[in-house]
>>> print(open('coords01.cif').read())   # mmCIF, C-alpha atoms
data_query
loop_
_atom_site.label_atom_id
_atom_site.label_comp_id
_atom_site.auth_asym_id
_atom_site.auth_seq_id
_atom_site.Cartn_x
_atom_site.Cartn_y
_atom_site.Cartn_z
CA MET A 1260 72.65 99.82 136.10
CA SER A 1261 76.04 99.32 134.72
CA ASP A 1262 78.78 97.14 136.05
CA PRO A 1263 81.67 98.67 137.96
CA MET A 1264 84.84 99.70 136.21
CA ARG A 1265 88.08 97.92 136.89
CA ILE A 1266 90.73 100.50 137.70
CA ARG A 1267 94.37 99.82 138.44
CA ALA A 1268 96.78 102.61 139.27
CA GLN A 1269 100.43 101.81 139.87
CA SER A 1270 103.01 104.38 140.80
CA ALA A 1271 106.45 104.24 139.18
CA GLY A 1272 108.85 107.03 140.08
CA ASP A 1273 107.06 110.37 140.11
CA LYS A 1274 104.08 109.24 138.07
CA ALA A 1275 101.39 106.63 138.15
CA THR A 1276 100.10 104.55 135.28
CA VAL A 1277 96.33 104.22 135.35
CA ARG A 1278 94.56 101.45 133.50
CA VAL A 1279 90.79 101.44 133.31
CA LEU A 1280 88.46 98.80 131.95
CA MET A 1281 84.88 100.03 131.66
CA SER A 1282 81.86 97.91 131.08
CA HIS A 1283 79.76 99.32 128.26
CA GLU A 1284 78.09 98.09 125.07
CA MET A 1285 79.40 100.92 122.83
CA GLU A 1286 76.79 100.46 120.09
CA THR A 1287 77.72 102.50 117.02
CA GLY A 1288 74.19 103.07 115.73
CA LEU A 1289 75.28 101.57 112.40
CA ARG A 1290 74.60 97.91 113.09
CA LYS A 1291 71.35 96.17 112.33
CA ASP A 1292 69.63 93.48 114.33
CA GLY A 1293 68.23 90.21 113.00
CA ALA A 1294 65.06 91.92 111.75
CA GLY A 1295 67.03 94.53 109.80
CA LYS A 1296 66.27 97.33 112.21
CA ILE A 1297 69.08 99.66 113.18
CA ILE A 1298 70.27 99.22 116.75
CA PRO A 1299 70.33 102.71 118.29
CA ALA A 1300 73.68 104.22 119.18
CA TRP A 1301 74.70 103.82 122.79
CA PHE A 1302 78.23 104.77 123.68
CA ILE A 1303 80.35 106.62 126.21
CA GLN A 1304 80.78 110.25 125.17
CA GLU A 1305 82.77 111.74 127.99
CA VAL A 1306 85.36 110.42 130.38
CA ALA A 1307 86.97 112.36 133.21
CA ALA A 1308 89.73 111.39 135.61
CA GLN A 1309 90.28 112.97 138.98
CA LEU A 1310 93.30 112.76 141.25
CA ASN A 1311 92.31 113.42 144.87
CA GLY A 1312 89.22 115.28 143.67
CA LYS A 1313 90.99 117.47 141.10
CA THR A 1314 90.27 116.85 137.41
CA VAL A 1315 93.46 115.88 135.62
CA MET A 1316 92.19 114.52 132.31
CA THR A 1317 89.04 114.67 130.24
CA ALA A 1318 88.29 112.80 127.04
CA GLN A 1319 85.55 112.75 124.46
CA TRP A 1320 84.87 109.52 122.68
CA GLY A 1321 82.98 108.56 119.56
CA PRO A 1322 81.26 105.27 118.89
CA ALA A 1323 84.43 103.90 117.31
CA VAL A 1324 85.90 103.05 120.70
CA SER A 1325 85.63 99.31 121.32
CA LYS A 1326 83.03 97.58 123.44
CA ASN A 1327 84.05 97.45 127.11
CA PRO A 1328 86.55 100.26 126.59
CA PHE A 1329 90.12 100.15 127.81
CA LEU A 1330 91.97 103.33 128.66
CA GLN A 1331 95.54 103.86 129.79
CA PHE A 1332 97.21 107.11 130.76
CA SER A 1333 99.76 108.34 133.28
CA VAL A 1334 99.32 110.93 135.98
CA LYS A 1335 102.28 113.01 137.10
CA GLY A 1336 102.90 113.46 140.80
CA ALA A 1337 100.58 110.70 141.95
CA LYS A 1338 101.89 108.79 144.96
CA ALA A 1339 100.85 105.56 146.60
CA GLY A 1340 97.69 106.14 148.61
CA ASP A 1341 96.33 108.85 146.30
CA LYS A 1342 92.80 108.41 145.03
CA ILE A 1343 92.04 108.16 141.32
CA ALA A 1344 88.39 108.53 140.33
CA ILE A 1345 87.09 107.88 136.82
CA THR A 1346 83.70 109.09 135.61
CA TRP A 1347 82.03 108.35 132.30
CA THR A 1348 78.86 109.75 130.75
CA ASP A 1349 77.14 108.05 127.83
CA ASN A 1350 74.87 109.47 125.14
CA LYS A 1351 71.78 108.38 127.09
CA GLY A 1352 72.90 110.49 130.03
CA ASP A 1353 73.92 107.56 132.21
CA LYS A 1354 76.87 108.15 134.48
CA ARG A 1355 79.15 106.05 136.54
CA THR A 1356 82.04 106.92 138.84
CA ASP A 1357 84.47 104.48 140.35
CA GLU A 1358 87.48 105.08 142.52
CA ALA A 1359 90.79 103.33 143.08
CA THR A 1360 93.83 103.89 145.24
CA VAL A 1361 97.27 104.27 143.71
CA SER A 1362 99.53 101.42 144.77
CA MET B 692 66.82 126.03 103.43
CA THR B 693 68.65 125.26 106.63
CA THR B 694 68.12 121.79 107.92
CA ARG B 695 68.25 120.90 111.58
CA ARG B 696 71.39 118.92 110.95
CA GLN B 697 73.17 121.93 109.50
CA MET B 698 72.01 124.04 112.40
CA ILE B 699 73.44 121.62 114.92
CA PHE B 700 76.64 121.40 112.94
CA ARG B 701 77.00 125.18 112.81
CA SER B 702 76.28 125.78 116.45
CA ALA B 703 78.82 123.13 117.40
CA GLN B 704 81.34 124.76 115.08
CA LEU B 705 80.69 128.14 116.58
CA GLY B 706 81.05 126.70 120.05
CA ALA B 707 84.37 125.13 119.13
CA MET B 708 85.57 128.41 117.65
CA LEU B 709 84.56 130.35 120.73
CA ALA B 710 86.22 127.80 122.95
CA THR B 711 89.50 128.02 121.03
CA LEU B 712 89.41 131.79 121.16
CA GLY B 713 88.95 131.65 124.89
CA PHE B 714 85.50 133.25 124.83
CA LEU B 715 84.06 130.48 126.91
CA PRO B 716 85.92 130.81 130.19
CA GLY B 717 86.72 127.59 131.91
CA ALA B 718 85.70 125.54 128.89
CA ALA B 719 89.11 123.91 128.76
CA GLN B 720 89.21 123.35 132.48
CA ALA B 721 85.71 122.05 133.02
CA GLN B 722 84.33 119.19 131.00
CA ALA B 723 84.44 120.48 127.43
CA ALA B 724 81.09 120.24 125.68
CA TYR B 725 80.71 117.18 123.52
CA ASN B 726 81.71 118.16 120.00
CA ALA B 727 79.19 116.24 117.94
CA ALA B 728 80.28 117.86 114.67
CA ALA B 729 83.83 116.61 115.11
CA PHE B 730 82.61 113.07 115.66
CA GLU B 731 80.54 113.25 112.47
CA ALA B 732 83.40 114.45 110.29
CA LYS B 733 84.17 112.13 107.40
CA ASN B 734 87.69 113.25 106.60
CA MET B 735 90.64 115.15 108.00
CA ALA B 736 89.62 118.53 106.49
CA GLU B 737 86.09 118.38 107.92
CA LEU B 738 87.44 117.31 111.28
CA MET B 739 89.96 120.14 111.54
CA LYS B 740 87.22 122.59 110.58
CA ALA B 741 84.92 121.20 113.26
CA LEU B 742 87.68 121.52 115.83
CA GLY B 743 88.71 124.97 114.64
CA ALA B 744 92.26 123.73 114.06
CA SER B 745 94.68 124.40 111.22
CA ALA B 746 95.86 121.87 108.64
CA PRO B 747 98.00 119.14 110.18
CA THR B 748 101.64 118.48 109.38
CA GLU B 749 103.47 115.22 109.86
CA SER B 750 105.91 115.16 112.75
CA LYS B 751 108.22 112.51 114.11
CA ASP B 752 107.71 113.89 117.63
CA VAL B 753 104.24 112.37 117.69
CA THR B 754 104.01 108.61 118.06
CA ILE B 755 101.24 106.24 117.13
CA THR B 756 101.40 102.74 118.54
CA GLY B 757 99.42 99.81 117.28
CA PRO B 758 99.74 96.41 115.65
CA ASP B 759 100.72 95.97 111.97
CA ILE B 760 97.98 93.44 111.52
CA ALA B 761 94.84 93.31 113.63
CA GLU B 762 93.05 89.99 113.53
CA ASN B 763 89.86 91.35 115.02
CA GLY B 764 88.78 94.80 113.88
CA ALA B 765 86.40 95.12 116.81
CA VAL B 766 89.28 95.47 119.26
CA VAL B 767 92.40 97.18 117.94
CA PRO B 768 94.74 98.50 120.63
CA ILE B 769 96.18 101.85 119.60
CA GLY B 770 97.92 104.64 121.43
CA ALA B 771 98.91 108.25 120.83
CA SER B 772 101.75 110.02 122.53
CA THR B 773 104.09 112.95 122.15
CA ALA B 774 107.14 114.02 124.09
CA LEU B 775 106.74 117.67 123.04
CA PRO B 776 105.72 120.08 125.78
CA GLY B 777 102.59 122.12 125.18
CA ALA B 778 100.30 119.47 123.76
CA LYS B 779 96.73 120.53 124.42
CA ARG B 780 94.76 117.68 122.92
CA MET B 781 95.49 114.29 121.48
CA LEU B 782 93.21 112.77 118.86
CA LEU B 783 92.97 109.23 117.57
CA LEU B 784 91.63 108.89 114.02
CA VAL B 785 90.83 105.91 111.82
CA GLU B 786 90.77 107.06 108.21
CA LYS B 787 88.32 104.57 106.72
CA ASN B 788 85.77 104.39 109.52
CA PRO B 789 82.32 105.92 108.88
CA SER B 790 83.42 108.82 111.08
CA ILE B 791 87.14 109.52 111.13
CA LEU B 792 87.44 110.65 114.76
CA SER B 793 87.60 107.94 117.42
CA ALA B 794 88.65 109.70 120.57
CA VAL B 795 89.82 113.06 121.91
CA PHE B 796 91.92 113.39 125.04
CA ASP B 797 92.37 116.74 126.74
CA VAL B 798 95.86 117.01 128.15
CA SER B 799 96.43 118.89 131.40
CA ASP B 800 99.65 119.65 133.26
CA ALA B 801 99.03 116.72 135.54
CA VAL B 802 99.01 114.01 132.88
CA ASP B 803 101.45 112.87 130.22
CA ALA B 804 100.40 113.28 126.60
CA ASN B 805 100.33 109.53 126.28
CA PHE B 806 97.03 107.67 125.95
CA SER B 807 96.15 104.17 124.89
CA THR B 808 92.77 102.68 124.18
CA ARG B 809 91.10 100.16 121.92
CA VAL B 810 89.06 101.10 118.86
CA LYS B 811 86.91 99.44 116.22
CA MET B 812 88.08 99.39 112.61
CA GLY B 813 85.77 98.55 109.72
CA GLN B 814 88.58 97.66 107.33
CA SER B 815 92.34 98.02 106.81
CA SER B 816 93.15 101.67 107.06
CA ASN B 817 95.59 104.34 108.10
CA VAL B 818 95.29 105.42 111.71
CA PHE B 819 96.48 108.83 112.86
CA ALA B 820 97.63 110.21 116.17
CA VAL B 821 97.14 113.97 116.11
CA ALA B 822 98.47 116.43 118.66
CA LEU B 823 96.91 119.87 118.90
CA MET B 824 99.59 122.10 120.38
CA ALA B 825 99.08 125.13 122.59
CA ASP B 826 100.73 127.36 119.93
CA GLY B 827 98.14 126.33 117.32
CA LYS B 828 100.30 123.79 115.48
CA VAL B 829 98.69 120.51 114.52
CA LEU B 830 101.08 117.58 114.28
CA TYR B 831 100.35 114.01 113.36
CA ALA B 832 101.81 110.55 112.96
CA VAL B 833 100.31 107.88 110.76
CA LYS B 834 100.45 104.09 110.68
CA GLU B 835 98.74 101.56 108.48
CA ILE B 836 96.90 98.76 110.26
CA LYS B 837 95.65 95.79 108.30
CA VAL B 838 92.44 94.26 109.54
CA THR B 839 91.60 90.68 108.71
CA LEU B 840 88.09 90.74 110.21
CA GLY B 841 86.11 94.00 110.27
CA GLY B 842 84.63 95.30 113.48
CA CYS B 843 81.59 97.15 112.22
CA GLY B 844 79.59 94.23 110.84
CA GLY B 845 77.03 92.16 112.67
#
>>> encode(input="coords01.cif", output="structure tokens")
Amino acid sequence: MSDPMRIRAQSAGDKATVRVLMSHEMETGLRKDGAGKIIPAWFIQEVAAQLNGKTVMTAQWGPAVSKNPFLQFSVKGAKAGDKIAITWTDNKGDKRTDEATVS
Amino acid sequence: MTTRRQMIFRSAQLGAMLATLGFLPGAAQAQAAYNAAAFEAKNMAELMKALGASAPTESKDVTITGPDIAENGAVVPIGASTALPGAKRMLLLVEKNPSILSAVFDVSDAVDANFSTRVKMGQSSNVFAVALMADGKVLYAVKEIKVTLGGCGG
């Protein structure tokens, strides 16, 4: 089980700025542990954002994105009270979706 | 002899080509398939081939944001944005990382072509913000970021 994401969505004018902080190891698959064995890659591959159930943004990430990834983007036409949902999928097939309300 | 690796690379390439040609309906709308070949590319030419895009040209309409000096290469805040209409995808690249591509963002009508995230950098390097435009143009902006402590070590 992964920890919940922290999502903050603030509306300014006709758009809303969304900031997301995900909780994930983001192992590159290039590091070695103390015994010299390679730590297997484990990172978020796909991220999708939905506004009121409609997909507005998708992203594909490589292992070069930092541990506990941060993401910021702005959604046009989002008003206070609208729901922003973020979903990520990692290379092990794990998924997590969290939702926030635009303020 | 064709190795498994080459096979995977080719099928991903083919998939990307089909997607750009519009042979895979809804591919742009639904979650685009993970382009493993693009994330394995070692340089700009390989990456553009994997994405089925043309050679990039520098443009001042694309902006890369980031620090001049990053103390900790494990967490370098960078952003890509463009004010031009018709941006389809935004890419963030770190030239001297083991794989050049860090992140791809698919732009839709409902979001601005303006994304920020944090990436790992192994060493001081040029970072690129690349915009793939709807008309097939590929525009980029570049910035050098100096790293005092690499982010890919132990």
>>> residues_around(input="coords01.cif", residues="range 799-806 of chain B", least_positions_apart="6", cutoff="6 Å", atoms="only C-alpha atoms", output="number ranges by chain")
A: 1315, 1331-1335; B: 770-773
>>> resolve_selection(input="coords01.cif", expression="the PyMOL selection byres ((chain B) within 10 of (chain A))", output="NGL selection string")
:B and (719-727 or 729-731 or 764-768 or 770 or 772 or 780-785 or 788-813 or 842-845)
>>> resolve_selection(input="coords01.cif", expression="the PyMOL selection byres ((chain B and resi 835) around 8)", output="list in words")
Asp759, Ser815, Ser816, Asn817, Val818, Val833, Lys834, Ile836 and Lys837 of chain B
>>> resolve_selection(input="coords01.cif", expression="the PyMOL selection byres ((chain B and resi 751-756) around 8)", output="NGL selection string")
:B and (749-750 or 757-758 or 769-775 or 819-822 or 830-834)
>>> write_last_selection(input="coords01.cif", atoms="C-alpha atoms", output="compact mmCIF listing (two decimals), in the frame of the given file")
# COMPACT_ATOMS: atom_id res chain seq x y z
CA GLU B 749 103.47 115.22 109.86
CA SER B 750 105.91 115.16 112.75
CA GLY B 757 99.42 99.81 117.28
CA PRO B 758 99.74 96.41 115.65
CA ILE B 769 96.18 101.85 119.60
CA GLY B 770 97.92 104.64 121.43
CA ALA B 771 98.91 108.25 120.83
CA SER B 772 101.75 110.02 122.53
CA THR B 773 104.09 112.95 122.15
CA ALA B 774 107.14 114.02 124.09
CA LEU B 775 106.74 117.67 123.04
CA PHE B 819 96.48 108.83 112.86
CA ALA B 820 97.63 110.21 116.17
CA VAL B 821 97.14 113.97 116.11
CA ALA B 822 98.47 116.43 118.66
CA LEU B 830 101.08 117.58 114.28
CA TYR B 831 100.35 114.01 113.36
CA ALA B 832 101.81 110.55 112.96
CA VAL B 833 100.31 107.88 110.76
CA LYS B 834 100.45 104.09 110.68
>>> atom_distance(input="coords01.cif", atom1="CA of Lys1338 in chain A", atom2="CA of Ser1282 in chain A")
26.7 Å
>>> build_atoms(input="coords01.cif", residues="range 809-834 of chain B", atoms="N, CA and C atoms", output="compact mmCIF listing (two decimals), in the frame of the given file")
# COMPACT_ATOMS: atom_id res chain seq x y z
N ARG B 809 91.38 101.15 122.96
CA ARG B 809 91.10 100.16 121.92
C ARG B 809 89.97 100.68 121.07
N VAL B 810 90.10 100.57 119.75
CA VAL B 810 89.06 101.10 118.86
C VAL B 810 88.58 100.01 117.90
N LYS B 811 87.44 100.30 117.27
CA LYS B 811 86.91 99.44 116.22
C LYS B 811 87.40 99.95 114.87
N MET B 812 87.70 99.02 113.97
CA MET B 812 88.08 99.39 112.61
C MET B 812 87.26 98.57 111.64
N GLY B 813 86.62 99.24 110.69
CA GLY B 813 85.77 98.55 109.72
C GLY B 813 86.58 97.78 108.71
N GLN B 814 87.74 98.28 108.35
CA GLN B 814 88.58 97.66 107.33
C GLN B 814 90.02 98.17 107.51
N SER B 815 90.95 97.57 106.74
CA SER B 815 92.34 98.02 106.81
C SER B 815 92.40 99.49 106.48
N SER B 816 93.19 100.22 107.22
CA SER B 816 93.15 101.67 107.06
C SER B 816 94.37 102.30 107.72
N ASN B 817 94.60 103.55 107.37
CA ASN B 817 95.59 104.34 108.10
C ASN B 817 94.98 104.84 109.39
N VAL B 818 95.75 104.79 110.46
CA VAL B 818 95.29 105.42 111.71
C VAL B 818 96.25 106.56 112.02
N PHE B 819 95.71 107.61 112.58
CA PHE B 819 96.48 108.83 112.86
C PHE B 819 96.46 109.11 114.35
N ALA B 820 97.59 109.58 114.85
CA ALA B 820 97.63 110.21 116.17
C ALA B 820 97.89 111.68 115.90
N VAL B 821 97.02 112.54 116.37
CA VAL B 821 97.14 113.97 116.11
C VAL B 821 97.31 114.69 117.43
N ALA B 822 98.27 115.61 117.47
CA ALA B 822 98.47 116.43 118.66
C ALA B 822 98.14 117.87 118.31
N LEU B 823 97.19 118.45 119.04
CA LEU B 823 96.91 119.87 118.90
C LEU B 823 97.77 120.58 119.94
N MET B 824 98.67 121.44 119.47
CA MET B 824 99.59 122.10 120.38
C MET B 824 99.02 123.42 120.86
N ALA B 825 99.55 123.88 121.99
CA ALA B 825 99.08 125.13 122.59
C ALA B 825 99.36 126.32 121.65
N ASP B 826 100.41 126.23 120.82
CA ASP B 826 100.73 127.36 119.93
C ASP B 826 99.97 127.28 118.61
N GLY B 827 98.98 126.38 118.51
CA GLY B 827 98.14 126.33 117.32
C GLY B 827 98.62 125.36 116.27
N LYS B 828 99.82 124.77 116.45
CA LYS B 828 100.30 123.79 115.48
C LYS B 828 99.52 122.50 115.62
N VAL B 829 99.37 121.80 114.51
CA VAL B 829 98.69 120.51 114.52
C VAL B 829 99.65 119.50 113.92
N LEU B 830 100.10 118.55 114.72
CA LEU B 830 101.08 117.58 114.28
C LEU B 830 100.47 116.19 114.29
N TYR B 831 100.92 115.35 113.36
CA TYR B 831 100.35 114.01 113.36
C TYR B 831 101.39 112.95 113.01
N ALA B 832 101.05 111.72 113.36
CA ALA B 832 101.81 110.55 112.96
C ALA B 832 100.80 109.57 112.39
N VAL B 833 101.24 108.78 111.42
CA VAL B 833 100.31 107.88 110.76
C VAL B 833 100.90 106.47 110.72
N LYS B 834 100.03 105.49 110.75
CA LYS B 834 100.45 104.09 110.68
C LYS B 834 99.35 103.31 109.98
